[in-house]
Amino acid sequence: MKAGFRDRVDAGRELAALLSKYAGRSDTLILGLPRGGVPVAFQVAEALHLPLDVFIVRKLGVPGHEELAMGAIASGAVRVLNEEVIRHLGIPQTAIDMVSAYEAEEIARRERAYRRDLPPPRIAGRTVILVDDGLATGSTMKAAVAALRKQGAARMVVAVPVAPESSCEEFRKLADEMVAVRRPRDFWAVSAWYEEFLQTSDDEVRDLLDAAMHEEAPR
């Protein structure tokens with residue numbers, strides 16, 4: 001078995017093979033996390049003949065050290081905070097609220113850009129397969145799972161091409177099912193598992209959603 005993936009298309013096809021039991025189910029929806037999760041999710045949705053949409057999650061970066069996550073915020077105004085980071089760095093509530101407000105505006109912008117005037121998909125009572133191109137810390141995925149639970153998802157499946165075994169174990173407790181093609185114990189970065197890991201653009205996300213919606217089952 002090869003170590004990694006050629007690109008997100010290759011990764012999506014391998015991931016779809018592990019999700020074949022959901023093929024064609026009328027109660028099931030694929031949600032990709034933009035941007036990089038959408039090309040993977042598109043391949044899964046196409047292979048399983050399931051509807052595709054996006055679910056937007058934004059990292060809450062520590063002010064001055066934005067690459068360090070102090071939490072995440074998702075569509076539906078659900079916020080997940082890393083209390084350990086916040087406590088260790090002494091981050092005040094005002095700073096958390098400021099960053100959260102900024103990222104909430106970005107979520108609203110992306111909702112408009114990706115979905116245009118279409119309403120969000122119906123979540124309540126459905127099985128949701130939540131797809132990204134990989135998991136590292138998992139903070140954004142945790143926010144997404146929490147938000148979708150709040151919206152009444154009947155069953156939550158987290159599905160990624162690659163995630164460290166420690167994250168897989170954590171999400172087995174948070175979701176109803178955790179699916180990963182590769183589960184390395186030694187994990188450096190998601191990008192290390194791809195030969196090609198180019199940034200996904202907003203235009204690419206829109207194009208993939210448009211293509212999927214031409215064949216999509218009723219929302």
# chains A, B, ... in the order shown; residues from 1 in each chain; ligands from 1
$ closest_atom_pairs --of "region 24-70 of chain A" --to "region 149-168 of chain A" --cutoff "10 Å" --atoms "only C-alpha atoms" --output "Markdown table"
| residue | atom | partner | partner_atom | distance |
| --- | --- | --- | --- | --- |
| A:Asp27 | CA | A:Ala154 | CA | 9.4 |
| A:Thr28 | CA | A:Arg155 | CA | 9.1 |
| A:Ile30 | CA | A:Val157 | CA | 9.5 |
| A:Leu31 | CA | A:Val158 | CA | 9.9 |
| A:Gly32 | CA | A:Ala159 | CA | 9.7 |
| A:Gly37 | CA | A:Val160 | CA | 8.5 |
| A:Val40 | CA | A:Pro161 | CA | 8.4 |
| A:Ala41 | CA | A:Val160 | CA | 9.1 |
| A:Val44 | CA | A:Ala159 | CA | 9.8 |
$ write_last_selection --atoms "C-alpha atoms" --output "PDB file, in the first residue's frame"
ATOM      1  CA  ASP A  27     -30.980  10.311   4.426  1.00  0.00           C
ATOM      2  CA  THR A  28     -27.273  11.026   3.944  1.00  0.00           C
ATOM      3  CA  ILE A  30     -21.778  14.957   2.369  1.00  0.00           C
ATOM      4  CA  LEU A  31     -20.379  18.196   3.806  1.00  0.00           C
ATOM      5  CA  GLY A  32     -16.887  19.378   2.882  1.00  0.00           C
ATOM      6  CA  GLY A  37     -11.888  19.470   2.156  1.00  0.00           C
ATOM      7  CA  VAL A  40     -12.008  15.456  -1.367  1.00  0.00           C
ATOM      8  CA  ALA A  41     -15.711  15.608  -0.486  1.00  0.00           C
ATOM      9  CA  VAL A  44     -16.798  11.024  -2.153  1.00  0.00           C
TER      10      VAL A  44
END
$ residues_around --residues "Leu209 (chain A)" --least-positions-apart "2" --cutoff "9 Å" --atoms "only C-alpha atoms" --output "number ranges by chain"
A: 38, 42, 52-54, 114-115, 204-207, 211-214
$ write_last_selection --atoms "C-alpha atoms" --output "short mmCIF file (atom, residue, chain, number, x, y, z; two decimals), in the first residue's frame"
data_model
loop_
_atom_site.label_atom_id
_atom_site.label_comp_id
_atom_site.auth_asym_id
_atom_site.auth_seq_id
_atom_site.Cartn_x
_atom_site.Cartn_y
_atom_site.Cartn_z
CA VAL A 38 -14.26 20.27 -0.71
CA PHE A 42 -16.65 16.06 -4.16
CA LEU A 52 -22.69 17.69 -1.53
CA ASP A 53 -22.56 20.99 0.31
CA VAL A 54 -20.08 22.94 2.41
CA TYR A 114 -20.05 29.56 -2.10
CA ARG A 115 -23.79 29.09 -1.83
CA GLU A 204 -12.67 25.98 -7.27
CA VAL A 205 -15.03 25.47 -4.33
CA ARG A 206 -17.86 27.20 -6.22
CA ASP A 207 -17.19 25.20 -9.39
CA ALA A 211 -21.05 20.60 -10.61
CA ALA A 212 -22.39 18.55 -7.70
CA MET A 213 -25.71 20.41 -7.54
CA HIS A 214 -26.50 19.56 -11.17
#
$ atom_distance --atom1 "CA of Leu15 (chain A)" --atom2 "CA of Val80 (chain A)"
26.7 Å
$ closest_residue --among "A:Val9, A:Leu148, A:Ala136, A:Val128" --to "Pro184 (chain A)" --atoms "only C-alpha atoms"
A:Ala136
$ closest_residue --among "A:Glu111, A:Pro121, A:Val62, A:Phe171" --to "Pro92 (chain A)" --atoms "only C-alpha atoms"
A:Val62
$ residues_around --residues "Ser191 (chain A)" --least-positions-apart "2" --cutoff "12 Å" --atoms "only C-alpha atoms" --output "JSON, numbers by chain"
{"A": [4, 5, 6, 7, 8, 36, 133, 134, 135, 136, 161, 162, 163, 187, 188, 189, 193, 194, 195, 196, 197, 198, 199]}
$ write_last_selection --atoms "N, CA and C atoms" --output "PDB file, in the first residue's frame"
ATOM      1  N   GLY A   4       1.199   7.696   0.840  1.00  0.00           N
ATOM      2  CA  GLY A   4       0.343   8.865   0.839  1.00  0.00           C
ATOM      3  C   GLY A   4      -0.577   8.907  -0.369  1.00  0.00           C
ATOM      4  N   PHE A   5      -0.913  10.143  -0.803  1.00  0.00           N
ATOM      5  CA  PHE A   5      -1.855  10.348  -1.895  1.00  0.00           C
ATOM      6  C   PHE A   5      -1.219  11.229  -2.960  1.00  0.00           C
ATOM      7  N   ARG A   6      -1.659  11.042  -4.196  1.00  0.00           N
ATOM      8  CA  ARG A   6      -1.153  11.880  -5.262  1.00  0.00           C
ATOM      9  C   ARG A   6      -1.656  13.324  -5.084  1.00  0.00           C
ATOM     10  N   ASP A   7      -2.956  13.466  -4.841  1.00  0.00           N
ATOM     11  CA  ASP A   7      -3.577  14.770  -4.651  1.00  0.00           C
ATOM     12  C   ASP A   7      -4.921  14.557  -3.967  1.00  0.00           C
ATOM     13  N   ARG A   8      -5.728  15.615  -3.847  1.00  0.00           N
ATOM     14  CA  ARG A   8      -6.999  15.494  -3.139  1.00  0.00           C
ATOM     15  C   ARG A   8      -8.004  14.625  -3.898  1.00  0.00           C
ATOM     16  N   GLY A  36      -9.886  23.141   1.436  1.00  0.00           N
ATOM     17  CA  GLY A  36      -9.253  21.911   0.980  1.00  0.00           C
ATOM     18  C   GLY A  36     -10.075  20.654   1.107  1.00  0.00           C
ATOM     19  N   ASP A 133      -9.525  17.367   4.174  1.00  0.00           N
ATOM     20  CA  ASP A 133      -8.396  16.716   3.508  1.00  0.00           C
ATOM     21  C   ASP A 133      -7.407  16.109   4.488  1.00  0.00           C
ATOM     22  N   GLY A 134      -7.667  16.236   5.785  1.00  0.00           N
ATOM     23  CA  GLY A 134      -6.829  15.647   6.815  1.00  0.00           C
ATOM     24  C   GLY A 134      -7.107  16.306   8.149  1.00  0.00           C
ATOM     25  N   LEU A 135      -6.653  15.676   9.215  1.00  0.00           N
ATOM     26  CA  LEU A 135      -6.792  16.226  10.561  1.00  0.00           C
ATOM     27  C   LEU A 135      -5.420  16.400  11.183  1.00  0.00           C
ATOM     28  N   ALA A 136      -5.209  17.542  11.801  1.00  0.00           N
ATOM     29  CA  ALA A 136      -3.992  17.750  12.589  1.00  0.00           C
ATOM     30  C   ALA A 136      -4.417  17.869  14.053  1.00  0.00           C
ATOM     31  N   PRO A 161      -8.857  11.606   4.665  1.00  0.00           N
ATOM     32  CA  PRO A 161      -7.840  10.708   4.116  1.00  0.00           C
ATOM     33  C   PRO A 161      -6.758  10.336   5.127  1.00  0.00           C
ATOM     34  N   VAL A 162      -6.374  11.288   5.983  1.00  0.00           N
ATOM     35  CA  VAL A 162      -5.286  11.010   6.914  1.00  0.00           C
ATOM     36  C   VAL A 162      -5.498  11.758   8.227  1.00  0.00           C
ATOM     37  N   ALA A 163      -5.178  11.073   9.327  1.00  0.00           N
ATOM     38  CA  ALA A 163      -5.249  11.668  10.661  1.00  0.00           C
ATOM     39  C   ALA A 163      -4.394  10.834  11.597  1.00  0.00           C
ATOM     40  N   PHE A 187       3.050  11.607  13.044  1.00  0.00           N
ATOM     41  CA  PHE A 187       2.329  12.530  12.168  1.00  0.00           C
ATOM     42  C   PHE A 187       2.959  13.909  12.276  1.00  0.00           C
ATOM     43  N   TRP A 188       3.347  14.488  11.123  1.00  0.00           N
ATOM     44  CA  TRP A 188       3.962  15.813  11.130  1.00  0.00           C
ATOM     45  C   TRP A 188       2.991  16.879  10.641  1.00  0.00           C
ATOM     46  N   ALA A 189       2.417  16.674   9.475  1.00  0.00           N
ATOM     47  CA  ALA A 189       1.499  17.647   8.895  1.00  0.00           C
ATOM     48  C   ALA A 189       0.660  16.951   7.840  1.00  0.00           C
ATOM     49  N   TRP A 193       1.468  14.157   3.521  1.00  0.00           N
ATOM     50  CA  TRP A 193       0.878  12.925   2.997  1.00  0.00           C
ATOM     51  C   TRP A 193       0.361  13.080   1.570  1.00  0.00           C
ATOM     52  N   TYR A 194       0.654  14.224   0.964  1.00  0.00           N
ATOM     53  CA  TYR A 194       0.230  14.488  -0.409  1.00  0.00           C
ATOM     54  C   TYR A 194       1.436  14.847  -1.271  1.00  0.00           C
ATOM     55  N   GLU A 195       1.484  14.281  -2.478  1.00  0.00           N
ATOM     56  CA  GLU A 195       2.509  14.693  -3.429  1.00  0.00           C
ATOM     57  C   GLU A 195       2.222  16.105  -3.929  1.00  0.00           C
ATOM     58  N   GLU A 196       0.935  16.392  -4.146  1.00  0.00           N
ATOM     59  CA  GLU A 196       0.506  17.722  -4.576  1.00  0.00           C
ATOM     60  C   GLU A 196      -0.514  18.242  -3.584  1.00  0.00           C
ATOM     61  N   PHE A 197      -0.222  19.391  -2.963  1.00  0.00           N
ATOM     62  CA  PHE A 197      -1.088  19.942  -1.925  1.00  0.00           C
ATOM     63  C   PHE A 197      -1.228  21.441  -2.157  1.00  0.00           C
ATOM     64  N   LEU A 198      -1.780  21.798  -3.317  1.00  0.00           N
ATOM     65  CA  LEU A 198      -1.951  23.196  -3.673  1.00  0.00           C
ATOM     66  C   LEU A 198      -3.130  23.796  -2.920  1.00  0.00           C
ATOM     67  N   GLN A 199      -3.081  25.104  -2.712  1.00  0.00           N
ATOM     68  CA  GLN A 199      -4.185  25.785  -2.048  1.00  0.00           C
ATOM     69  C   GLN A 199      -5.422  25.744  -2.937  1.00  0.00           C
TER      70      GLN A 199
END
$ atom_distance --atom1 "CA of Arg126 (chain A)" --atom2 "CA of Arg35 (chain A)"
23.1 Å
